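Data from data.tsv: TSV, C-alpha atoms
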chain	number	residue	atom	x	y	z
A	265	LYS	CA	44.90	-7.96	89.47
A	266	ALA	CA	47.33	-10.65	90.61
A	267	GLY	CA	47.30	-11.55	94.28
A	268	VAL	CA	50.16	-12.39	96.60
A	269	THR	CA	52.18	-15.25	95.14
A	270	GLN	CA	54.16	-17.63	97.28
A	271	THR	CA	56.52	-20.25	95.90
A	272	PRO	CA	56.89	-23.12	96.20
A	273	ARG	CA	53.51	-24.32	97.46
A	274	TYR	CA	54.93	-27.46	99.04
A	275	LEU	CA	58.39	-28.37	100.21
A	276	ILE	CA	59.94	-31.33	101.98
A	277	LYS	CA	63.32	-30.90	103.63
A	278	THR	CA	65.54	-32.92	105.92
A	279	ARG	CA	66.58	-31.87	109.42
A	280	GLY	CA	69.70	-29.74	109.35
A	281	GLN	CA	69.13	-28.42	105.86
A	282	GLN	CA	68.21	-24.85	105.03
A	283	VAL	CA	65.29	-23.57	103.00
A	284	THR	CA	64.35	-20.38	101.16
A	285	LEU	CA	60.75	-19.36	100.55
A	286	SER	CA	59.63	-16.63	98.19
A	287	CYS	CA	56.82	-14.10	98.29
A	288	SER	CA	55.81	-11.75	95.46
A	289	PRO	CA	53.49	-9.03	96.74
A	290	ILE	CA	50.61	-7.39	94.94
A	291	SER	CA	51.88	-4.85	92.44
A	292	GLY	CA	52.46	-1.52	94.18
A	293	HIS	CA	52.59	-3.00	97.65
A	294	ARG	CA	55.79	-2.17	99.46
A	295	SER	CA	55.31	-3.95	102.77
A	296	VAL	CA	55.62	-7.70	103.21
A	297	SER	CA	54.99	-9.59	106.45
A	298	TRP	CA	55.67	-13.25	107.17
A	299	TYR	CA	53.77	-15.58	109.49
A	300	GLN	CA	54.16	-19.16	110.64
A	301	GLN	CA	51.09	-21.31	111.20
A	302	THR	CA	51.36	-24.50	113.27
A	303	PRO	CA	48.60	-26.56	114.93
A	304	GLY	CA	49.93	-25.85	118.41
A	305	GLN	CA	50.83	-22.16	118.20
A	306	GLY	CA	48.42	-20.89	115.59
A	307	LEU	CA	49.47	-17.97	113.40
A	308	GLN	CA	52.58	-16.19	114.63
A	309	PHE	CA	54.25	-13.10	113.22
A	310	LEU	CA	57.79	-13.65	111.98
A	311	PHE	CA	58.92	-10.33	110.51
A	312	GLU	CA	57.92	-7.39	108.35
A	313	TYR	CA	59.84	-5.68	105.58
A	314	PHE	CA	59.23	-2.28	104.09
A	315	SER	CA	61.37	-0.69	101.39
A	316	GLU	CA	64.04	-3.37	101.77
A	317	THR	CA	64.35	-2.79	105.53
A	318	GLN	CA	63.20	-5.06	108.32
A	319	ARG	CA	60.76	-3.00	110.33
A	320	ASN	CA	59.58	-5.52	112.89
A	321	LYS	CA	60.57	-8.95	114.09
A	322	GLY	CA	58.62	-11.52	116.04
A	323	ASN	CA	59.91	-13.82	118.73
A	324	PHE	CA	61.70	-16.41	116.62
A	325	PRO	CA	65.30	-17.65	116.80
A	326	GLY	CA	68.01	-16.24	114.58
A	327	ARG	CA	67.73	-19.28	112.29
A	328	PHE	CA	64.79	-17.45	110.74
A	329	SER	CA	65.81	-14.56	108.53
A	330	GLY	CA	64.45	-12.65	105.61
A	331	ARG	CA	65.12	-9.95	103.11
A	332	GLN	CA	63.30	-7.76	100.64
A	333	PHE	CA	64.43	-6.73	97.21
A	334	SER	CA	64.04	-3.42	95.41
A	335	ASN	CA	61.00	-4.77	93.52
A	336	SER	CA	59.38	-5.54	96.93
A	337	ARG	CA	59.64	-9.29	96.49
A	338	SER	CA	60.67	-10.95	99.71
A	339	GLU	CA	62.37	-14.15	100.73
A	340	MET	CA	62.62	-15.86	104.05
A	341	ASN	CA	65.29	-18.34	104.99
A	342	VAL	CA	65.35	-20.96	107.69
A	343	SER	CA	68.71	-22.53	108.45
A	344	THR	CA	69.49	-25.74	110.31
A	345	LEU	CA	65.93	-26.99	110.00
A	346	GLU	CA	64.26	-28.71	112.94
A	347	LEU	CA	61.22	-30.97	112.93
A	348	GLY	CA	59.29	-28.22	114.73
A	349	ASP	CA	59.77	-25.89	111.77
A	350	SER	CA	57.20	-27.91	109.85
A	351	ALA	CA	54.43	-25.40	109.25
A	352	LEU	CA	52.47	-23.36	106.78
A	353	TYR	CA	54.41	-20.17	106.07
A	354	LEU	CA	52.26	-17.27	104.97
A	355	CYS	CA	53.17	-13.88	103.68
A	356	ALA	CA	50.97	-10.83	103.46
A	357	SER	CA	51.49	-7.62	101.56
A	358	SER	CA	50.11	-4.13	101.92
A	359	LEU	CA	50.72	-0.69	100.50
A	360	ALA	CA	52.86	0.66	103.31
A	361	GLY	CA	52.40	-1.44	106.42
A	362	THR	CA	48.88	-0.28	107.10
A	363	LEU	CA	45.94	-2.65	106.96
A	364	GLU	CA	44.67	-1.08	103.76
A	365	GLY	CA	44.68	-3.83	101.18
A	366	TYR	CA	46.42	-6.23	103.57
A	367	THR	CA	46.30	-9.49	101.62
A	368	PHE	CA	47.65	-12.95	102.38
A	369	GLY	CA	49.13	-15.42	99.95
A	370	SER	CA	48.16	-19.09	99.95
A	371	GLY	CA	51.29	-20.09	101.80
A	372	THR	CA	54.13	-22.56	101.50
A	373	ARG	CA	53.67	-25.86	103.31
A	374	LEU	CA	57.08	-26.91	104.67
A	375	THR	CA	57.56	-30.42	106.00
A	376	VAL	CA	60.80	-31.26	107.78
A	377	VAL	CA	61.61	-34.97	108.02
M	262	ASP	CA	51.74	-14.54	127.08
M	263	GLN	CA	48.89	-14.83	124.63
M	264	GLN	CA	47.47	-11.38	123.96
M	265	VAL	CA	44.58	-12.55	121.80
M	266	LYS	CA	42.66	-15.62	122.90
M	267	GLN	CA	40.02	-17.74	121.26
M	268	ASN	CA	39.08	-20.27	123.88
M	269	SER	CA	36.77	-22.40	121.76
M	270	PRO	CA	38.73	-24.52	119.30
M	271	SER	CA	35.56	-25.61	117.52
M	272	LEU	CA	31.89	-24.76	117.08
M	273	SER	CA	29.15	-26.66	115.32
M	274	VAL	CA	25.86	-25.04	114.31
M	275	GLN	CA	22.88	-25.92	112.16
M	276	GLU	CA	22.38	-24.20	108.83
M	277	GLY	CA	20.18	-21.13	109.20
M	278	ARG	CA	20.98	-20.62	112.89
M	279	ILE	CA	23.28	-18.04	114.43
M	280	SER	CA	27.01	-18.69	114.87
M	281	ILE	CA	28.76	-16.78	117.64
M	282	LEU	CA	32.53	-16.83	117.78
M	283	ASN	CA	34.28	-15.28	120.74
M	284	CYS	CA	37.63	-13.60	121.27
M	285	ASP	CA	39.28	-12.11	124.35
M	286	TYR	CA	42.31	-9.86	124.51
M	287	THR	CA	44.62	-8.71	127.28
M	288	ASN	CA	46.36	-5.67	125.81
M	289	SER	CA	44.29	-2.55	126.42
M	290	MET	CA	46.44	-0.68	123.87
M	291	PHE	CA	44.84	-2.57	120.98
M	292	ASP	CA	42.78	-0.06	119.01
M	293	TYR	CA	41.62	-2.15	116.08
M	294	PHE	CA	40.43	-5.70	115.64
M	295	LEU	CA	39.92	-7.93	112.64
M	296	TRP	CA	38.30	-11.24	111.86
M	297	TYR	CA	39.73	-13.52	109.20
M	298	LYS	CA	38.34	-16.66	107.65
M	299	LYS	CA	40.66	-19.43	106.55
M	300	TYR	CA	40.21	-22.57	104.50
M	301	PRO	CA	42.83	-25.35	104.60
M	302	ALA	CA	45.88	-24.76	102.41
M	303	GLU	CA	44.82	-21.16	101.74
M	304	GLY	CA	45.77	-17.85	103.27
M	305	PRO	CA	43.39	-16.05	105.64
M	306	THR	CA	40.89	-13.76	103.97
M	307	PHE	CA	39.66	-10.60	105.64
M	308	LEU	CA	36.08	-10.73	106.86
M	309	ILE	CA	35.25	-7.73	109.01
M	310	SER	CA	36.94	-5.29	111.37
M	311	ILE	CA	36.10	-2.90	114.17
M	312	SER	CA	37.78	0.14	115.62
M	313	SER	CA	38.00	0.48	119.38
M	314	ILE	CA	35.92	3.66	119.20
M	315	LYS	CA	32.92	1.61	118.09
M	316	ASP	CA	31.04	-1.18	119.78
M	317	LYS	CA	29.44	-2.72	116.70
M	318	ASN	CA	30.15	-3.11	113.02
M	319	GLU	CA	27.90	-4.86	110.56
M	320	ASP	CA	28.48	-6.18	107.05
M	321	GLY	CA	25.72	-8.29	105.59
M	322	ARG	CA	25.38	-11.51	107.56
M	323	PHE	CA	28.41	-10.66	109.70
M	324	THR	CA	28.39	-8.46	112.79
M	325	VAL	CA	31.24	-7.86	115.19
M	326	PHE	CA	30.60	-6.61	118.72
M	327	LEU	CA	33.27	-5.07	120.92
M	328	ASN	CA	33.06	-4.80	124.72
M	329	LYS	CA	36.11	-2.79	125.73
M	330	SER	CA	35.51	-2.98	129.46
M	331	ALA	CA	35.48	-6.78	129.25
M	332	LYS	CA	38.22	-6.87	126.61
M	333	HIS	CA	35.97	-9.12	124.58
M	334	LEU	CA	34.73	-9.23	121.04
M	335	SER	CA	32.44	-11.57	119.22
M	336	LEU	CA	31.56	-12.34	115.62
M	337	HIS	CA	27.94	-13.16	114.82
M	338	ILE	CA	27.00	-14.88	111.58
M	339	VAL	CA	23.30	-14.88	110.77
M	340	PRO	CA	22.05	-16.97	109.12
M	341	SER	CA	24.88	-19.52	109.04
M	342	GLN	CA	25.48	-21.31	105.75
M	343	PRO	CA	27.47	-24.48	104.98
M	344	GLY	CA	29.94	-22.35	103.00
M	345	ASP	CA	30.79	-20.56	106.24
M	346	SER	CA	32.52	-23.71	107.49
M	347	ALA	CA	36.14	-22.66	108.00
M	348	VAL	CA	38.57	-21.60	110.71
M	349	TYR	CA	37.97	-18.09	112.01
M	350	PHE	CA	40.76	-16.02	113.47
M	351	CYS	CA	40.53	-12.93	115.59
M	352	ALA	CA	43.50	-10.55	115.26
M	353	ALA	CA	44.81	-7.18	116.38
M	354	PRO	CA	47.70	-5.08	115.01
M	355	GLY	CA	50.72	-5.10	117.27
M	356	ASN	CA	51.48	-1.54	116.09
M	357	TYR	CA	55.14	-2.04	116.79
M	358	GLY	CA	57.45	0.39	115.03
M	359	GLY	CA	54.51	2.46	113.89
M	360	SER	CA	53.33	-0.28	111.57
M	361	GLN	CA	50.12	-2.24	111.56
M	362	GLY	CA	51.68	-5.01	109.50
M	363	ASN	CA	52.36	-7.24	112.47
M	364	LEU	CA	49.10	-8.87	113.38
M	365	ILE	CA	48.66	-10.81	116.59
M	366	PHE	CA	46.29	-13.70	116.05
M	367	GLY	CA	44.21	-15.89	118.28
M	368	LYS	CA	44.54	-19.63	117.73
M	369	GLY	CA	41.32	-19.82	115.78
M	370	THR	CA	37.90	-21.43	116.06
M	371	LYS	CA	36.86	-24.08	113.56
M	372	LEU	CA	33.24	-23.50	112.58
M	373	SER	CA	31.22	-26.34	111.09
M	374	VAL	CA	27.81	-25.48	109.69
M	375	LYS	CA	25.70	-28.58	109.17
M	376	PRO	CA	23.01	-28.68	106.46
Would you mind writing the file out in structure tokens?
Amino acid sequence: KAGVTQTPRYLIKTRGQQVTLSCSPISGHRSVSWYQQTPGQGLQFLFEYFSETQRNKGNFPGRFSGRQFSNSRSEMNVSTLELGDSALYLCASSLAGTLEGYTFGSGTRLTVV
Amino acid sequence: DQQVKQNSPSLSVQEGRISILNCDYTNSMFDYFLWYKKYPAEGPTFLISISSIKDKNEDGRFTVFLNKSAKHLSLHIVPSQPGDSAVYFCAAPGNYGGSQGNLIFGKGTKLSVKP
């Protein structure tokens, strides 16, 4: 059974650019959550999508956005990149937003230069 | 305001001895807690959990203890093995919007188990 797939694994962008990260959940999972991991702040919740609707949002600026498609795949977008956006971005999927089968992907390492 | 706190950034123990990782929380509405293990460049993997109606949960070498009055939980690993070396995160579901899919994490404790 395939796990949660995040692409790309590594990304280098320049300040001011925008970036799109992708997350393919485990087959049958309809909920996708996104997290940002930085050395200073640890793992912080970004947002959660369920059935193409954003259900929850963490305390991040509007430059961070996301969406979910009908096949449950999700993307997150960061516009006007700042150096502080350099982080490991993780997504997790579950059946319906419960912790049953809650599984993380390996993440996308974003470096902003 | 940090709702889940892991005050020890690192811990070093000898192989075969007990590792004790601690976690404190401030939100008394939390009703479920989880521990995750994370290796560099990988996503966190679920280790063990505990409901707030229990004070102990055991799974093999891993035991989690919950002290609700102190708002404190701890993860015990006995015996510790070199393969246990990783960063351990304590987490609780924010339960916002009726969903558990918004975990609140501590900042993690890096465990090093020396042979």
| Near stretch 337-349 of chain A, within 6 Å and counting all atoms listed in the file, which residues show up once chain neighbours fewer than 3 positions away are dropped, as a list in words? |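 Returned residues: Arg279, Gly280, Gln281, Gln282, Val283, Thr284, Leu285, Ser286, Cys287, Ser288, Arg327, Phe328, Ser329, Gly330, Arg331, Gln332, Phe333 and Val376 of chain A.
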I want to know what sits within 10 Å of M:Asp316, based on only C-alpha atoms, with residues of the same chain fewer than 2 positions away left out; could you give that as a PDB file with C-alpha atoms, keeping the file's coordinate frame?
ATOM      1  CA  ILE M 311      36.100  -2.900 114.170  1.00  0.00           C
ATOM      2  CA  SER M 312      37.780   0.140 115.620  1.00  0.00           C
ATOM      3  CA  SER M 313      38.000   0.480 119.380  1.00  0.00           C
ATOM      4  CA  ILE M 314      35.920   3.660 119.200  1.00  0.00           C
ATOM      5  CA  ASN M 318      30.150  -3.110 113.020  1.00  0.00           C
ATOM      6  CA  VAL M 325      31.240  -7.860 115.190  1.00  0.00           C
ATOM      7  CA  PHE M 326      30.600  -6.610 118.720  1.00  0.00           C
ATOM      8  CA  LEU M 327      33.270  -5.070 120.920  1.00  0.00           C
ATOM      9  CA  ASN M 328      33.060  -4.800 124.720  1.00  0.00           C
ATOM     10  CA  LYS M 329      36.110  -2.790 125.730  1.00  0.00           C
ATOM     11  CA  LEU M 334      34.730  -9.230 121.040  1.00  0.00           C
TER      12      LEU M 334
END
| field | Which residue of M:Ile365, M:Lys315, M:Leu295, M:Gln342 approaches M:Asp262 most closely, using all atoms listed in the file | value |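 The shortest atom-to-atom distance to M:Asp262 comes from M:Ile365.
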| said: Let me make sure I understand: among A:Ala356, A:Ala351, A:Ile290, A:Ala266, which one has the smallest atom-to-atom distance to A:Arg373 if we use all atoms listed in the file? | reply: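 Smallest separation from A:Arg373 among the options: A:Ala351.
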| request: Can you check which residues of chain A have any atom within 6 Å of chain M? Use all atoms listed in the file and format it as a ChimeraX atom specification. | output: /A:306-307,361-362,368-370
| message | Considering only C-alpha atoms, can you say which of M:Val274, M:Leu308, M:Leu282, M:Val265 comes closest to A:Thr367? | response |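 For A:Thr367, the nearest of the candidates is M:Leu308.
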| task | Please indicate the distance in Å from atom CA of M:Ser341 to atom CA of A:Tyr353, rounded to one decimal place. | result |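 Result for atom CA of M:Ser341 versus atom CA of A:Tyr353: 29.7 Å, one decimal.
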| request: Around the point (52.8, -13.9, 112.7), in the coordinates given by the file, pick out the residues reaching within 6 Å, counting all atoms listed in the file, and return them as a ChimeraX atom specification. | output: /A:299-300,307-310
| By how many Å are atom CA of M:Cys351 and atom CA of M:Asn283 apart? |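 Going from atom CA of M:Cys351 over to atom CA of M:Asn283, I get 8.4 Å.
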| If you count all atoms listed in the file, which residues fall within 7 Å of M:Pro376, apart from same-chain ones fewer than 6 positions away, as a PyMOL selection string? | chain M and resi 275-276+343
| task | Quick one: pull the distance between atom CA of M:Pro340 and atom CA of M:Ile281, Å, one decimal. | result |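 Interatomic distance here is 10.8 Å.
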| query | Pick from A:Ser350, A:Thr317, A:Ser357, A:Thr278: nearest to A:Leu374, with only C-alpha atoms counted? | reply |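 Closest to A:Leu374 of all the choices is A:Ser350.
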Extract chain A from the structure I just pasted (atoms: C-alpha atoms) and return it as a tab-separated table (two decimals), in the first residue's frame.
chain	number	residue	atom	x	y	z
A	265	LYS	CA	0.00	0.00	0.00
A	266	ALA	CA	1.54	3.29	-1.10
A	267	GLY	CA	2.18	5.88	1.59
A	268	VAL	CA	1.79	9.63	1.49
A	269	THR	CA	3.80	11.04	-1.41
A	270	GLN	CA	5.17	14.54	-1.40
A	271	THR	CA	6.82	16.17	-4.39
A	272	PRO	CA	9.33	17.53	-4.93
A	273	ARG	CA	11.61	16.32	-2.13
A	274	TYR	CA	13.92	19.31	-2.36
A	275	LEU	CA	13.44	22.79	-3.72
A	276	ILE	CA	15.53	25.94	-3.86
A	277	LYS	CA	13.80	29.24	-4.54
A	278	THR	CA	14.75	32.90	-4.50
A	279	ARG	CA	13.19	35.51	-2.23
A	280	GLY	CA	10.08	37.00	-3.77
A	281	GLN	CA	9.26	33.97	-5.87
A	282	GLN	CA	6.32	31.67	-5.28
A	283	VAL	CA	6.30	27.91	-4.84
A	284	THR	CA	3.79	25.07	-5.08
A	285	LEU	CA	4.19	21.82	-3.19
A	286	SER	CA	2.19	18.68	-3.82
A	287	CYS	CA	0.86	15.94	-1.56
A	288	SER	CA	-0.80	12.70	-2.69
A	289	PRO	CA	-2.56	11.02	0.22
A	290	ILE	CA	-2.92	7.32	0.88
A	291	SER	CA	-5.61	5.84	-1.34
A	292	GLY	CA	-9.01	6.29	0.29
A	293	HIS	CA	-7.88	9.04	2.60
A	294	ARG	CA	-9.93	12.19	2.22
A	295	SER	CA	-8.28	14.50	4.74
A	296	VAL	CA	-4.94	16.19	4.18
A	297	SER	CA	-3.14	18.39	6.71
A	298	TRP	CA	-0.03	20.48	6.16
A	299	TYR	CA	2.69	21.33	8.66
A	300	GLN	CA	5.82	23.47	8.64
A	301	GLN	CA	8.90	22.33	10.53
A	302	THR	CA	11.65	24.84	11.36
A	303	PRO	CA	14.47	24.58	13.92
A	304	GLY	CA	13.13	27.50	15.95
A	305	GLN	CA	9.38	26.84	15.94
A	306	GLY	CA	9.23	23.08	15.62
A	307	LEU	CA	6.26	21.52	13.84
A	308	GLN	CA	3.40	23.93	13.24
A	309	PHE	CA	0.00	23.24	11.73
A	310	LEU	CA	-0.70	25.14	8.52
A	311	PHE	CA	-4.12	23.96	7.33
A	312	GLU	CA	-6.36	20.96	6.82
A	313	TYR	CA	-8.49	20.03	3.84
A	314	PHE	CA	-11.34	17.58	3.70
A	315	SER	CA	-13.44	16.89	0.62
A	316	GLU	CA	-11.94	19.87	-1.21
A	317	THR	CA	-12.81	22.28	1.62
A	318	GLN	CA	-10.45	23.95	4.04
A	319	ARG	CA	-11.59	22.83	7.47
A	320	ASN	CA	-8.96	24.41	9.68
A	321	LYS	CA	-6.20	26.96	9.35
A	322	GLY	CA	-3.22	27.62	11.56
A	323	ASN	CA	-1.70	30.96	12.43
A	324	PHE	CA	0.17	31.72	9.22
A	325	PRO	CA	0.01	34.77	6.95
A	326	GLY	CA	-2.16	34.84	3.85
A	327	ARG	CA	0.90	34.15	1.68
A	328	PHE	CA	0.36	30.52	2.61
A	329	SER	CA	-2.58	28.93	0.83
A	330	GLY	CA	-3.69	25.52	-0.25
A	331	ARG	CA	-6.29	23.56	-2.07
A	332	GLN	CA	-7.53	20.02	-2.46
A	333	PHE	CA	-8.70	18.33	-5.60
A	334	SER	CA	-11.53	15.86	-6.14
A	335	ASN	CA	-9.06	12.95	-6.01
A	336	SER	CA	-7.96	14.20	-2.54
A	337	ARG	CA	-4.54	15.28	-3.75
A	338	SER	CA	-3.55	18.57	-2.19
A	339	GLU	CA	-1.26	21.43	-3.04
A	340	MET	CA	0.05	24.25	-0.94
A	341	ASN	CA	1.33	27.52	-2.31
A	342	VAL	CA	3.59	30.10	-0.75
A	343	SER	CA	3.78	33.45	-2.50
A	344	THR	CA	6.38	36.20	-2.14
A	345	LEU	CA	8.85	33.87	-0.46
A	346	GLU	CA	10.89	35.09	2.50
A	347	LEU	CA	14.10	33.65	3.91
A	348	GLY	CA	12.14	32.55	6.98
A	349	ASP	CA	9.97	30.28	4.85
A	350	SER	CA	12.90	27.89	4.54
A	351	ALA	CA	11.60	24.76	6.23
A	352	LEU	CA	10.56	21.16	5.88
A	353	TYR	CA	6.93	21.08	4.76
A	354	LEU	CA	5.08	17.94	5.76
A	355	CYS	CA	1.67	16.70	4.86
A	356	ALA	CA	-0.36	14.04	6.60
A	357	SER	CA	-3.41	12.19	5.42
A	358	SER	CA	-6.17	10.34	7.20
A	359	LEU	CA	-9.51	8.79	6.38
A	360	ALA	CA	-11.71	11.66	7.51
A	361	GLY	CA	-9.78	13.95	9.79
A	362	THR	CA	-9.61	11.52	12.68
A	363	LEU	CA	-6.33	10.11	13.90
A	364	GLU	CA	-7.14	6.68	12.49
A	365	GLY	CA	-4.44	5.94	9.96
A	366	TYR	CA	-2.98	9.44	10.31
A	367	THR	CA	0.21	9.15	8.26
A	368	PHE	CA	2.89	11.68	7.37
A	369	GLY	CA	4.79	11.97	4.13
A	370	SER	CA	8.55	12.45	4.03
A	371	GLY	CA	8.23	16.15	3.37
A	372	THR	CA	9.52	18.75	0.95
A	373	ARG	CA	12.65	20.62	2.01
A	374	LEU	CA	12.30	24.21	0.80
A	375	THR	CA	15.31	26.50	0.86
A	376	VAL	CA	14.82	30.19	0.12
A	377	VAL	CA	17.96	32.09	-0.89
